[in-house]
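Single-structure report; data block below.
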Amino acid sequence: LWGTALCLFVVYPLVYVLPGSDHGSYEDPFNTFEMFMNSPTIQYAFMIYFVVIFLYNLFAILVTFMLSSVWHAILDNFRPISVWAVDLLIFYVIMEEGGAFGEPWTKYSLVQVFGMFVLLYGTSIYNAPNAGSLFL
């Protein structure tokens, strides 16, 4: 709710008055609305996005209800790993190396792997069933 209010009443008016290449503005929300209303592809993508987000939140509530909030927190940490793995898959398998989509493996990818390990290990320690069952 706050994000919507902030975008509608602060960000959109601000980027509309800033000069840019979108009909003289940095971003033209009226043009965006027109493109949305006249493009079935964008409308379908929008609807698919909302259905996927609804299902994600529904299953997150079900996990919390059926298991616990600890499991919700643990499973929530797999989201960045999953997104990154899918990005690598898109870049190397679907787009056959060098496509415009996905993410390539770079010299900083090991830092990402280490960060994800720290995220999962920290969550495991914080949510350990017994104090001292996991060690640093």
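Residues in the structure tokens are numbered from 1 in each chain, the chains being A, B, ... in the order shown, and ligands are numbered from 1 in the order shown.
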Excluding segment 98-111 of chain A and any residue of its chain fewer than 6 positions from it, enumerate the residues within 12 Å of it, using only C-alpha atoms, and give them as a PyMOL selection string.
chain A and resi 81+83-92+117-118
Store the residues picked out above, limited to N, CA and C atoms, as a PDB file, in the first residue's frame.
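What ended up in selection_36.pdb:
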```pdb
ATOM      1  N   ILE A  81      18.685 -17.950  -4.264  1.00  0.00           N
ATOM      2  CA  ILE A  81      19.472 -19.020  -4.881  1.00  0.00           C
ATOM      3  C   ILE A  81      18.753 -19.540  -6.116  1.00  0.00           C
ATOM      4  N   VAL A  83      16.508 -17.945  -7.998  1.00  0.00           N
ATOM      5  CA  VAL A  83      16.508 -16.924  -9.054  1.00  0.00           C
ATOM      6  C   VAL A  83      17.862 -16.891  -9.750  1.00  0.00           C
ATOM      7  N   TRP A  84      18.933 -16.944  -8.987  1.00  0.00           N
ATOM      8  CA  TRP A  84      20.271 -16.904  -9.574  1.00  0.00           C
ATOM      9  C   TRP A  84      20.528 -18.142 -10.422  1.00  0.00           C
ATOM     10  N   ALA A  85      20.127 -19.315  -9.924  1.00  0.00           N
ATOM     11  CA  ALA A  85      20.312 -20.553 -10.691  1.00  0.00           C
ATOM     12  C   ALA A  85      19.526 -20.513 -12.001  1.00  0.00           C
ATOM     13  N   VAL A  86      18.311 -19.991 -11.950  1.00  0.00           N
ATOM     14  CA  VAL A  86      17.508 -19.885 -13.175  1.00  0.00           C
ATOM     15  C   VAL A  86      18.146 -18.891 -14.140  1.00  0.00           C
ATOM     16  N   ASP A  87      18.699 -17.789 -13.618  1.00  0.00           N
ATOM     17  CA  ASP A  87      19.398 -16.831 -14.490  1.00  0.00           C
ATOM     18  C   ASP A  87      20.592 -17.485 -15.186  1.00  0.00           C
ATOM     19  N   LEU A  88      21.363 -18.269 -14.444  1.00  0.00           N
ATOM     20  CA  LEU A  88      22.489 -18.981 -15.061  1.00  0.00           C
ATOM     21  C   LEU A  88      21.999 -19.981 -16.106  1.00  0.00           C
ATOM     22  N   LEU A  89      20.934 -20.696 -15.787  1.00  0.00           N
ATOM     23  CA  LEU A  89      20.360 -21.663 -16.718  1.00  0.00           C
ATOM     24  C   LEU A  89      19.885 -20.981 -18.002  1.00  0.00           C
ATOM     25  N   ILE A  90      19.219 -19.852 -17.863  1.00  0.00           N
ATOM     26  CA  ILE A  90      18.740 -19.124 -19.044  1.00  0.00           C
ATOM     27  C   ILE A  90      19.920 -18.690 -19.907  1.00  0.00           C
ATOM     28  N   PHE A  91      20.962 -18.154 -19.277  1.00  0.00           N
ATOM     29  CA  PHE A  91      22.099 -17.637 -20.043  1.00  0.00           C
ATOM     30  C   PHE A  91      22.862 -18.743 -20.754  1.00  0.00           C
ATOM     31  N   TYR A  92      23.134 -19.862 -20.058  1.00  0.00           N
ATOM     32  CA  TYR A  92      24.002 -20.889 -20.627  1.00  0.00           C
ATOM     33  C   TYR A  92      23.280 -22.004 -21.369  1.00  0.00           C
ATOM     34  N   PHE A 117      25.844 -18.935   0.867  1.00  0.00           N
ATOM     35  CA  PHE A 117      26.200 -19.897   1.906  1.00  0.00           C
ATOM     36  C   PHE A 117      26.077 -19.252   3.289  1.00  0.00           C
ATOM     37  N   VAL A 118      26.570 -18.027   3.433  1.00  0.00           N
ATOM     38  CA  VAL A 118      26.464 -17.315   4.714  1.00  0.00           C
ATOM     39  C   VAL A 118      24.996 -17.105   5.079  1.00  0.00           C
TER      40      VAL A 118
END
```
Write out as a VMD selection string the residues lying within 9 Å of segment 13-15 of chain A, counting only C-alpha atoms and excluding same-chain residues fewer than 4 positions away.
chain A and resid 7 to 9 19 to 20 25 to 29
Looking only at strand (DSSP E) from DSSP on the backbone, list the matching residues of chain A as an mmCIF file with C-alpha atoms, in the first residue's frame.
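What ended up in result-v5.cif:
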```
data_model
loop_
_atom_site.group_PDB
_atom_site.id
_atom_site.type_symbol
_atom_site.label_atom_id
_atom_site.label_comp_id
_atom_site.auth_asym_id
_atom_site.auth_seq_id
_atom_site.Cartn_x
_atom_site.Cartn_y
_atom_site.Cartn_z
ATOM 1 C CA PRO A 19 13.174 16.104 -18.856
ATOM 2 C CA GLY A 20 13.860 12.947 -20.820
ATOM 3 C CA SER A 21 13.372 11.026 -24.046
ATOM 4 C CA ASP A 22 9.896 9.612 -23.308
ATOM 5 C CA SER A 25 9.638 13.386 -19.850
#
```
Those in chain A with helix (DSSP H, G or I) from DSSP, as an MDAnalysis selection string:
chainID A and resid 2:17 29:37 40:66 69:76 78:94 109:126
With distances taken over only C-alpha atoms, which of A:Ala60, A:Met95, A:Val70, A:Val113 is nearest to Ile125 of chain A?
A:Val70
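Coordinates place atom CA of Asp76 of chain A at a distance of 15.1 Å from atom CA of Gly115 of chain A.
The interatomic distance for the pair atom CA of Leu55 of chain A and atom CA of Asn77 of chain A works out to 17.6 Å.
Between atom CA of Leu75 of chain A and atom CA of Thr4 of chain A the separation is 27.0 Å.
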